[in-house]
Amino acid sequence: MKILKLKLFQETACYKKPFAFKVAETYPLPPYSTIIGMFHKIIGAKSGEYFPMNISVQGNYESIFSNYQNLRMFKGKDQVTAMPRNVHQLLNIELLIHLKADNEIVDRIYDNIINGKETFTIGRNEDLVKLEDIKYVNNILIEQGKMEKYSAYVPKNICEKELLNGINYRLNTTYIIENELRKWNKVDVKYVEKNVNNILEEAEKDEDGELIFFY
């Protein structure tokens, strides 16, 4: 399996939490399902088609602010109503994404990003992404590490082993269709902010010394 590393930038974004209707609350980083969906769109996956992959999501944002959006809803069979909704948005987001998958899938994603002519988004359709850097990871090291550059989603088993504190989330990853509804697989993680926790005794790093937290 190959590993690909991407550094991305978004001026603004909302990674909407499920069931947040009256107020569109945002996650501090895009959940795994959003990143997996982005990669499947990049390689042109068909509806219902899934390519196994693992993701590490890290990043920073400058601040959070509120905006208003007109929410349209069906009321009854034919009646449509609208109401203003408060939308939480992140400003100036830096993302560090590691992707691990079969060699062919990673190569297709790399080629389609490098040679593609279309922009891509993370979050809403208007949340455009700027590619800052993309490269293959050639070596993984296991050594001490400190979270001083990026905040991250850290899987629960790592947090328990390293005694890391953070905000608990149960994030969507992939789904199956049951009775015409999506049934999500979920992963327990903690959102661990940078410069808050002690040194990790056994951390995965790439050859640039940047941490990796595959779920």
# chains A, B, ... in the order shown; residues from 1 in each chain; ligands from 1

$ residues_around --residues "segment 139-152 of chain A" --least-positions-apart "4" --cutoff "7 Å" --atoms "only C-alpha atoms" --output "PyMOL selection string"
chain A and resi 57-60+191-195+198-207

$ write_last_selection --atoms "N, CA and C atoms" --output "PDB file, in the first residue's frame"
ATOM      1  N   VAL A  57      -6.321  12.876   9.703  1.00  0.00           N
ATOM      2  CA  VAL A  57      -6.779  14.254   9.495  1.00  0.00           C
ATOM      3  C   VAL A  57      -6.221  15.144  10.604  1.00  0.00           C
ATOM      4  N   GLN A  58      -5.478  16.165  10.194  1.00  0.00           N
ATOM      5  CA  GLN A  58      -4.922  17.151  11.115  1.00  0.00           C
ATOM      6  C   GLN A  58      -5.122  18.542  10.526  1.00  0.00           C
ATOM      7  N   GLY A  59      -4.973  19.580  11.349  1.00  0.00           N
ATOM      8  CA  GLY A  59      -5.106  20.925  10.801  1.00  0.00           C
ATOM      9  C   GLY A  59      -5.237  21.997  11.856  1.00  0.00           C
ATOM     10  N   ASN A  60      -5.332  23.214  11.373  1.00  0.00           N
ATOM     11  CA  ASN A  60      -5.508  24.398  12.213  1.00  0.00           C
ATOM     12  C   ASN A  60      -6.476  25.349  11.535  1.00  0.00           C
ATOM     13  N   TYR A 191     -10.538  14.929  19.532  1.00  0.00           N
ATOM     14  CA  TYR A 191      -9.925  16.084  18.879  1.00  0.00           C
ATOM     15  C   TYR A 191      -8.923  16.649  19.873  1.00  0.00           C
ATOM     16  N   VAL A 192      -7.644  16.484  19.568  1.00  0.00           N
ATOM     17  CA  VAL A 192      -6.565  16.879  20.471  1.00  0.00           C
ATOM     18  C   VAL A 192      -5.905  18.132  19.913  1.00  0.00           C
ATOM     19  N   GLU A 193      -5.928  19.193  20.681  1.00  0.00           N
ATOM     20  CA  GLU A 193      -5.347  20.446  20.227  1.00  0.00           C
ATOM     21  C   GLU A 193      -3.831  20.423  20.372  1.00  0.00           C
ATOM     22  N   LYS A 194      -3.166  21.131  19.482  1.00  0.00           N
ATOM     23  CA  LYS A 194      -1.709  21.185  19.519  1.00  0.00           C
ATOM     24  C   LYS A 194      -1.234  21.930  20.776  1.00  0.00           C
ATOM     25  N   ASN A 195      -0.009  21.633  21.186  1.00  0.00           N
ATOM     26  CA  ASN A 195       0.667  22.313  22.300  1.00  0.00           C
ATOM     27  C   ASN A 195      -0.072  22.184  23.628  1.00  0.00           C
ATOM     28  N   ASN A 198       1.342  16.044  26.461  1.00  0.00           N
ATOM     29  CA  ASN A 198       2.716  15.612  26.624  1.00  0.00           C
ATOM     30  C   ASN A 198       3.227  14.916  25.371  1.00  0.00           C
ATOM     31  N   ILE A 199       4.476  14.545  25.401  1.00  0.00           N
ATOM     32  CA  ILE A 199       5.099  13.850  24.274  1.00  0.00           C
ATOM     33  C   ILE A 199       4.488  12.459  24.108  1.00  0.00           C
ATOM     34  N   LEU A 200       4.231  12.080  22.864  1.00  0.00           N
ATOM     35  CA  LEU A 200       3.768  10.727  22.551  1.00  0.00           C
ATOM     36  C   LEU A 200       4.987   9.818  22.507  1.00  0.00           C
ATOM     37  N   GLU A 201       4.936   8.722  23.245  1.00  0.00           N
ATOM     38  CA  GLU A 201       6.093   7.837  23.328  1.00  0.00           C
ATOM     39  C   GLU A 201       6.299   7.034  22.055  1.00  0.00           C
ATOM     40  N   GLU A 202       5.203   6.609  21.411  1.00  0.00           N
ATOM     41  CA  GLU A 202       5.295   5.831  20.177  1.00  0.00           C
ATOM     42  C   GLU A 202       4.347   6.430  19.138  1.00  0.00           C
ATOM     43  N   ALA A 203       4.877   7.295  18.325  1.00  0.00           N
ATOM     44  CA  ALA A 203       4.067   7.990  17.329  1.00  0.00           C
ATOM     45  C   ALA A 203       4.537   7.631  15.925  1.00  0.00           C
ATOM     46  N   GLU A 204       3.578   7.495  15.004  1.00  0.00           N
ATOM     47  CA  GLU A 204       3.937   7.310  13.598  1.00  0.00           C
ATOM     48  C   GLU A 204       4.267   8.673  12.991  1.00  0.00           C
ATOM     49  N   LYS A 205       5.365   8.717  12.240  1.00  0.00           N
ATOM     50  CA  LYS A 205       5.785   9.936  11.554  1.00  0.00           C
ATOM     51  C   LYS A 205       6.167   9.600  10.121  1.00  0.00           C
ATOM     52  N   ASP A 206       5.989  10.599   9.239  1.00  0.00           N
ATOM     53  CA  ASP A 206       6.534  10.440   7.892  1.00  0.00           C
ATOM     54  C   ASP A 206       7.972  10.920   7.875  1.00  0.00           C
ATOM     55  N   GLU A 207       8.611  10.852   6.715  1.00  0.00           N
ATOM     56  CA  GLU A 207      10.027  11.203   6.639  1.00  0.00           C
ATOM     57  C   GLU A 207      10.286  12.693   6.867  1.00  0.00           C
TER      58      GLU A 207
END

$ residues_around --residues "Ile177 of chain A" --least-positions-apart "5" --cutoff "12 Å" --atoms "only C-alpha atoms" --output "number ranges by chain"
A: 47-49, 182-185

$ write_last_selection --atoms "C-alpha atoms" --output "short mmCIF file (atom, residue, chain, number, x, y, z; two decimals), in the first residue's frame"
data_model
loop_
_atom_site.label_atom_id
_atom_site.label_comp_id
_atom_site.auth_asym_id
_atom_site.auth_seq_id
_atom_site.Cartn_x
_atom_site.Cartn_y
_atom_site.Cartn_z
CA SER A 47 -22.69 5.67 -6.92
CA GLY A 48 -22.35 2.90 -4.32
CA GLU A 49 -18.74 2.17 -5.33
CA ARG A 182 -27.39 4.99 4.97
CA LYS A 183 -26.07 3.06 7.97
CA TRP A 184 -22.76 4.61 8.99
CA ASN A 185 -19.68 2.92 10.38
#

$ residues_around --residues "segment 38-44 of chain A" --least-positions-apart "6" --cutoff "10 Å" --atoms "only C-alpha atoms" --output "PyMOL selection string"
chain A and resi 32+50-51+53+99+105-113+116+118-123

$ select_by_dssp --residues "segment 8-202 of chain A" --states "helix (DSSP H, G or I)" --output "PyMOL selection string"
chain A and resi 32-42+103-115+156-162

$ closest_residue --among "A:Asp102, A:Thr81, A:Leu181, A:Asn92" --to "Leu128 of chain A" --atoms "only C-alpha atoms"
A:Asn92

$ closest_residue --among "A:Leu90, A:Ile97, A:Val23, A:Ala45" --to "Ile64 of chain A" --atoms "only C-alpha atoms"
A:Leu90

$ atom_distance --atom1 "atom CA of Ile158 of chain A" --atom2 "atom CA of Leu211 of chain A"
12.6 Å

$ select_by_dssp --residues "chain A" --states "strand (DSSP E)" --output "MDAnalysis selection string"
chainID A and resid 2:13 23:24 53:75 79:101 130:137 140:145 151:155 167:178 181:192 200:206 211:212

$ closest_residue --among "A:Gln10, A:Asn197, A:Ser33, A:Thr26" --to "Leu171 of chain A" --atoms "only C-alpha atoms"
A:Ser33

$ closest_residue --among "A:Ala13, A:Met1, A:Ala101, A:Ile36" --to "Gln89 of chain A" --atoms "only C-alpha atoms"
A:Ala13

$ closest_residue --among "A:His98, A:Leu29, A:Ile55, A:Asn125" --to "Lys190 of chain A" --atoms "only C-alpha atoms"
A:Leu29

$ closest_residue --among "A:Asp188, A:Asp208, A:Glu104, A:Glu62" --to "Lys2 of chain A" --atoms "only C-alpha atoms"
A:Glu104
